[in-house]
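protein.cif follows (mmCIF, C-alpha atoms, pLDDT in the B column; chains and numbers go by the auth columns):
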data_my_file
loop_
_atom_site.group_PDB
_atom_site.id
_atom_site.type_symbol
_atom_site.label_atom_id
_atom_site.label_comp_id
_atom_site.label_asym_id
_atom_site.label_seq_id
_atom_site.Cartn_x
_atom_site.Cartn_y
_atom_site.Cartn_z
_atom_site.B_iso_or_equiv
_atom_site.auth_seq_id
_atom_site.auth_asym_id
ATOM 1 C CA MET A 1 -41.438 71.122 66.197 86.00 1 S
ATOM 2 C CA ILE A 2 -39.054 69.640 68.764 90.00 2 S
ATOM 3 C CA ASN A 3 -37.992 67.033 66.194 90.00 3 S
ATOM 4 C CA SER A 4 -37.111 69.747 63.690 91.00 4 S
ATOM 5 C CA ILE A 5 -35.149 71.725 66.272 94.00 5 S
ATOM 6 C CA ILE A 6 -33.165 68.626 67.282 93.00 6 S
ATOM 7 C CA GLY A 7 -32.538 67.782 63.621 92.00 7 S
ATOM 8 C CA SER A 8 -31.387 71.322 62.842 92.00 8 S
ATOM 9 C CA ALA A 9 -29.015 71.387 65.804 94.00 9 S
ATOM 10 C CA VAL A 10 -27.476 68.041 64.825 93.00 10 S
ATOM 11 C CA LYS A 11 -27.305 69.130 61.180 92.00 11 S
ATOM 12 C CA LEU A 12 -25.413 72.310 62.077 93.00 12 S
ATOM 13 C CA GLY A 13 -23.036 70.353 64.294 93.00 13 S
ATOM 14 C CA VAL A 14 -22.296 67.810 61.587 90.00 14 S
ATOM 15 C CA ILE A 15 -21.882 70.522 58.938 90.00 15 S
ATOM 16 C CA PHE A 16 -19.451 72.394 61.184 89.00 16 S
ATOM 17 C CA ALA A 17 -17.525 69.232 62.050 90.00 17 S
ATOM 18 C CA LEU A 18 -17.253 67.946 58.485 87.00 18 S
ATOM 19 C CA ALA A 19 -17.150 71.107 56.356 84.00 19 S
ATOM 20 C CA THR A 20 -14.202 72.484 58.313 85.00 20 S
ATOM 21 C CA GLN A 21 -12.164 69.400 57.442 85.00 21 S
ATOM 22 C CA PRO A 22 -10.223 69.968 54.202 84.00 22 S
ATOM 23 C CA SER A 23 -10.708 66.335 53.166 87.00 23 S
ATOM 24 C CA PHE A 24 -14.528 66.708 53.170 82.00 24 S
ATOM 25 C CA GLY A 25 -14.991 70.301 52.006 81.00 25 S
ATOM 26 C CA ILE A 26 -18.403 70.909 50.447 86.00 26 S
ATOM 27 C CA ASN A 27 -19.206 67.207 50.716 88.00 27 S
ATOM 28 C CA GLY A 28 -19.212 67.669 54.488 86.00 28 S
ATOM 29 C CA ALA A 29 -22.016 70.205 54.160 88.00 29 S
ATOM 30 C CA ALA A 30 -23.986 67.821 51.965 91.00 30 S
ATOM 31 C CA LEU A 31 -23.488 64.985 54.458 91.00 31 S
ATOM 32 C CA GLY A 32 -24.615 67.247 57.304 90.00 32 S
ATOM 33 C CA ILE A 33 -27.815 68.117 55.459 93.00 33 S
ATOM 34 C CA ILE A 34 -28.494 64.447 54.765 94.00 34 S
ATOM 35 C CA VAL A 35 -27.848 63.496 58.403 93.00 35 S
ATOM 36 C CA GLY A 36 -30.303 66.199 59.492 93.00 36 S
ATOM 37 C CA MET A 37 -33.011 65.001 57.097 95.00 37 S
ATOM 38 C CA VAL A 38 -32.632 61.358 58.108 95.00 38 S
ATOM 39 C CA LEU A 39 -32.641 62.230 61.813 95.00 39 S
ATOM 40 C CA VAL A 40 -35.776 64.394 61.528 94.00 40 S
ATOM 41 C CA THR A 41 -37.504 61.660 59.529 94.00 41 S
ATOM 42 C CA LEU A 42 -36.663 59.017 62.133 93.00 42 S
ATOM 43 C CA LEU A 43 -37.794 61.302 64.953 93.00 43 S
ATOM 44 C CA HIS A 44 -41.090 61.963 63.158 93.00 44 S
ATOM 45 C CA PHE A 45 -41.513 58.230 62.602 90.00 45 S
ATOM 46 C CA SER A 46 -40.954 57.490 66.278 89.00 46 S
ATOM 47 C CA THR A 47 -43.464 60.199 67.219 89.00 47 S
ATOM 48 C CA VAL A 48 -46.076 58.691 64.923 89.00 48 S
ATOM 49 C CA LEU A 49 -45.412 55.217 66.336 86.00 49 S
ATOM 50 C CA LYS A 50 -46.271 56.503 69.808 87.00 50 S
ATOM 51 C CA LYS A 51 -49.762 57.431 68.595 86.00 51 S
ATOM 52 C CA ILE A 52 -50.627 54.582 66.239 87.00 52 S
ATOM 53 C CA SER A 53 -49.650 50.944 66.041 80.00 53 S
ATOM 54 C CA PHE A 54 -47.620 49.845 63.069 74.00 54 S
ATOM 55 C CA THR A 55 -46.839 46.292 62.011 78.00 55 S
ATOM 56 C CA PHE A 56 -43.730 45.642 59.967 76.00 56 S
ATOM 57 C CA TYR A 57 -43.589 42.198 58.324 85.00 57 S
ATOM 58 C CA ILE A 58 -39.869 41.640 57.920 91.00 58 S
ATOM 59 C CA LEU A 59 -40.254 38.186 56.357 93.00 59 S
ATOM 60 C CA ASP A 60 -42.152 39.643 53.383 92.00 60 S
ATOM 61 C CA TYR A 61 -39.335 42.104 52.747 93.00 61 S
ATOM 62 C CA VAL A 62 -36.737 39.346 53.009 95.00 62 S
ATOM 63 C CA LYS A 63 -38.707 37.261 50.504 95.00 63 S
ATOM 64 C CA SER A 64 -38.942 40.240 48.131 95.00 64 S
ATOM 65 C CA PHE A 65 -35.203 40.894 48.295 96.00 65 S
ATOM 66 C CA ILE A 66 -34.539 37.205 47.629 96.00 66 S
ATOM 67 C CA ALA A 67 -36.897 37.301 44.622 96.00 67 S
ATOM 68 C CA ILE A 68 -35.192 40.459 43.321 96.00 68 S
ATOM 69 C CA GLY A 69 -31.723 38.958 43.771 96.00 69 S
ATOM 70 C CA LEU A 70 -32.570 35.622 42.163 96.00 70 S
ATOM 71 C CA SER A 71 -34.346 37.112 39.158 95.00 71 S
ATOM 72 C CA GLY A 72 -31.622 39.731 38.700 92.00 72 S
ATOM 73 C CA GLY A 73 -28.896 37.090 38.938 94.00 73 S
ATOM 74 C CA LEU A 74 -30.707 34.896 36.434 93.00 74 S
ATOM 75 C CA GLY A 75 -31.121 37.842 34.075 90.00 75 S
ATOM 76 C CA TYR A 76 -27.449 38.786 34.381 89.00 76 S
ATOM 77 C CA TRP A 77 -26.359 35.216 33.717 91.00 77 S
ATOM 78 C CA ILE A 78 -28.666 34.876 30.709 90.00 78 S
ATOM 79 C CA PHE A 79 -27.603 38.251 29.304 86.00 79 S
ATOM 80 C CA SER A 80 -23.864 37.722 29.747 87.00 80 S
ATOM 81 C CA LYS A 81 -23.538 33.988 29.078 86.00 81 S
ATOM 82 C CA ALA A 82 -26.480 32.473 27.209 83.00 82 S
ATOM 83 C CA LEU A 83 -27.325 35.392 24.908 81.00 83 S
ATOM 84 C CA SER A 84 -23.833 36.759 24.315 80.00 84 S
ATOM 85 C CA ASN A 85 -23.846 35.761 20.628 85.00 85 S
ATOM 86 C CA LEU A 86 -27.058 37.685 19.806 85.00 86 S
ATOM 87 C CA SER A 87 -27.334 41.365 18.972 88.00 87 S
ATOM 88 C CA LEU A 88 -27.633 43.796 21.883 88.00 88 S
ATOM 89 C CA PRO A 89 -31.315 44.837 21.377 90.00 89 S
ATOM 90 C CA ILE A 90 -32.467 41.231 21.077 89.00 90 S
ATOM 91 C CA SER A 91 -30.414 40.173 24.120 88.00 91 S
ATOM 92 C CA ILE A 92 -31.895 43.009 26.179 89.00 92 S
ATOM 93 C CA CYS A 93 -35.473 42.158 25.153 90.00 93 S
ATOM 94 C CA ILE A 94 -35.109 38.442 25.838 90.00 94 S
ATOM 95 C CA SER A 95 -33.314 38.888 29.159 90.00 95 S
ATOM 96 C CA SER A 96 -35.837 41.542 30.267 92.00 96 S
ATOM 97 C CA PHE A 97 -38.699 39.174 29.501 93.00 97 S
ATOM 98 C CA ILE A 98 -37.006 36.327 31.392 92.00 98 S
ATOM 99 C CA ILE A 99 -36.283 38.587 34.386 94.00 99 S
ATOM 100 C CA SER A 100 -39.915 39.742 34.497 94.00 100 S
ATOM 101 C CA LEU A 101 -41.269 36.217 34.155 92.00 101 S
ATOM 102 C CA SER A 102 -38.933 34.767 36.781 94.00 102 S
ATOM 103 C CA TYR A 103 -39.729 37.620 39.186 94.00 103 S
ATOM 104 C CA PHE A 104 -43.467 37.010 38.761 88.00 104 S
ATOM 105 C CA VAL A 105 -43.020 33.272 39.300 89.00 105 S
ATOM 106 C CA LEU A 106 -40.919 33.884 42.424 94.00 106 S
ATOM 107 C CA LEU A 107 -43.542 36.288 43.791 91.00 107 S
ATOM 108 C CA LEU A 108 -46.133 33.552 43.324 86.00 108 S
ATOM 109 C CA ALA A 109 -43.839 30.913 44.848 90.00 109 S
ATOM 110 C CA PHE A 110 -43.142 33.043 47.914 93.00 110 S
ATOM 111 C CA LYS A 111 -46.860 33.904 48.141 88.00 111 S
ATOM 112 C CA LEU A 112 -46.133 37.623 48.036 91.00 112 S
ATOM 113 C CA ILE A 113 -48.988 38.137 45.594 86.00 113 S
ATOM 114 C CA ARG A 114 -52.310 36.391 45.788 81.00 114 S
ATOM 115 C CA LYS A 115 -55.154 35.714 43.415 73.00 115 S
ATOM 116 C CA ARG A 116 -57.133 38.745 44.563 75.00 116 S
ATOM 117 C CA ASP A 117 -54.078 40.958 43.958 77.00 117 S
ATOM 118 C CA VAL A 118 -53.691 39.739 40.392 71.00 118 S
ATOM 119 C CA LYS A 119 -57.418 40.147 39.677 71.00 119 S
ATOM 120 C CA ARG A 120 -57.135 43.863 40.409 74.00 120 S
ATOM 121 C CA ILE A 121 -54.875 44.390 37.380 71.00 121 S
ATOM 122 C CA PRO A 122 -57.130 45.757 34.603 72.00 122 S
ATOM 123 C CA LYS A 123 -57.698 43.547 31.538 65.00 123 S
ATOM 124 C CA ILE A 124 -54.609 41.371 31.933 64.00 124 S
ATOM 125 C CA GLY A 125 -55.552 40.319 35.453 57.00 125 S
ATOM 126 C CA ARG A 126 -57.992 37.670 34.208 59.00 126 S
ATOM 127 C CA ILE A 127 -55.359 36.140 31.947 62.00 127 S
ATOM 128 C CA LEU A 128 -52.692 36.096 34.649 62.00 128 S
ATOM 129 C CA THR A 129 -55.167 34.681 37.149 59.00 129 S
ATOM 130 C CA TRP A 130 -56.037 31.882 34.772 58.00 130 S
ATOM 131 C CA PHE A 131 -52.371 30.993 34.132 59.00 131 S
ATOM 132 C CA ALA A 132 -51.073 31.396 37.662 56.00 132 S
ATOM 133 C CA PHE A 133 -53.901 30.070 39.816 56.00 133 S
ATOM 134 C CA GLU A 134 -55.717 27.449 37.791 54.00 134 S
#

Is it possible to express this structure as structure tokens?
Amino acid sequence: MINSIIGSAVKLGVIFALATQPSFGINGAALGIIVGMVLVTLLHFSTVLKKISFTFYILDYVKSFIAIGLSGGLGYWIFSKALSNLSLPISICISSFIISLSYFVLLLAFKLIRKRDVKRIPKIGRILTWFAFE
């Protein structure tokens, strides 16, 4: 309850400060609402952290962002350079397949997914387990 009161007070202050500026206008009200929501969420999160322990593995998130960036960059390069002479639907299908495959390979390389994770995928899990872990 205290978190919501603090968030509402800050939200009203930000709305007043920004919405009264002609350069912001209605966007100032929207920003004030967003600031209030984010603040209340962070306050709730900090309250929960006082009661329970929470472990945040930053390295796993860094590895995931690297895998996303590399596979996306590869897909962009393939789509714009290597497949530029093909028709658009074929280029999209091929580059989507290559992005998916490279992302899966990078997840395996960074050990973000394990054999037991892949086995949980219905039907196709056995096939992927055989290819990736044998």

Residues near range 67-73 of chain S, cut-off 6 Å, only C-alpha atoms, skip fewer than 5 positions along chain, as JSON, numbers by chain: {"S": [99, 102, 103, 106]}

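Between CA of Gly28 in chain S and CA of Val14 in chain S the separation is 7.7 Å.
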
Among the residues S:Thr47, S:Val35, S:Leu83, S:Gly25, the one that comes closest to Leu12 in chain S [using all atoms listed in the file]: S:Val35

Result set, the PyMOL selection byres ((chain S and resi 13) around 12) on current file, as a ChimeraX atom specification: /S:6-12,14-20,28-29,31-33,35-36

Store the residues picked out above in a file with C-alpha atoms, as an mmCIF file, keeping the file's coordinate frame.
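Result file follows (result.cif):
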data_model
loop_
_atom_site.group_PDB
_atom_site.id
_atom_site.type_symbol
_atom_site.label_atom_id
_atom_site.label_comp_id
_atom_site.auth_asym_id
_atom_site.auth_seq_id
_atom_site.Cartn_x
_atom_site.Cartn_y
_atom_site.Cartn_z
ATOM 1 C CA ILE S 6 -33.165 68.626 67.282
ATOM 2 C CA GLY S 7 -32.538 67.782 63.621
ATOM 3 C CA SER S 8 -31.387 71.322 62.842
ATOM 4 C CA ALA S 9 -29.015 71.387 65.804
ATOM 5 C CA VAL S 10 -27.476 68.041 64.825
ATOM 6 C CA LYS S 11 -27.305 69.130 61.180
ATOM 7 C CA LEU S 12 -25.413 72.310 62.077
ATOM 8 C CA VAL S 14 -22.296 67.810 61.587
ATOM 9 C CA ILE S 15 -21.882 70.522 58.938
ATOM 10 C CA PHE S 16 -19.451 72.394 61.184
ATOM 11 C CA ALA S 17 -17.525 69.232 62.050
ATOM 12 C CA LEU S 18 -17.253 67.946 58.485
ATOM 13 C CA ALA S 19 -17.150 71.107 56.356
ATOM 14 C CA THR S 20 -14.202 72.484 58.313
ATOM 15 C CA GLY S 28 -19.212 67.669 54.488
ATOM 16 C CA ALA S 29 -22.016 70.205 54.160
ATOM 17 C CA LEU S 31 -23.488 64.985 54.458
ATOM 18 C CA GLY S 32 -24.615 67.247 57.304
ATOM 19 C CA ILE S 33 -27.815 68.117 55.459
ATOM 20 C CA VAL S 35 -27.848 63.496 58.403
ATOM 21 C CA GLY S 36 -30.303 66.199 59.492
#

Computed interatomic separation between CA of Leu112 in chain S and CA of Phe56 in chain S (Å):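 Calculated distance between CA of Leu112 in chain S and CA of Phe56 in chain S is 14.6 Å.
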
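The gap separating CA of Phe45 in chain S from CA of Ala30 in chain S is 22.6 Å, in Å to one decimal.
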
Target residues per the PyMOL selection byres ((chain S and resi 95) around 12), formatted as a ChimeraX atom specification: /S:71-84,86,88-94,96-103

Result set of the PyMOL selection byres ((chain S and resi 63) around 10) on the coordinates above, as a list of chain:residue names: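 Selected by the PyMOL selection byres ((chain S and resi 63) around 10) here: S:Ile58, S:Leu59, S:Asp60, S:Tyr61, S:Val62, S:Ser64, S:Phe65, S:Ile66, S:Ala67, S:Ile68, S:Gly69, S:Leu106, S:Leu107, S:Ala109, S:Phe110, S:Lys111, S:Leu112.
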
Padded axis-aligned box of range 1-20 of chain S (5 Å per side), centre and edge lengths, Å, one decimal, as JSON:
{"center_x": -27.8, "center_y": 69.8, "center_z": 62.6, "size_x": 37.2, "size_y": 15.5, "size_z": 22.4}
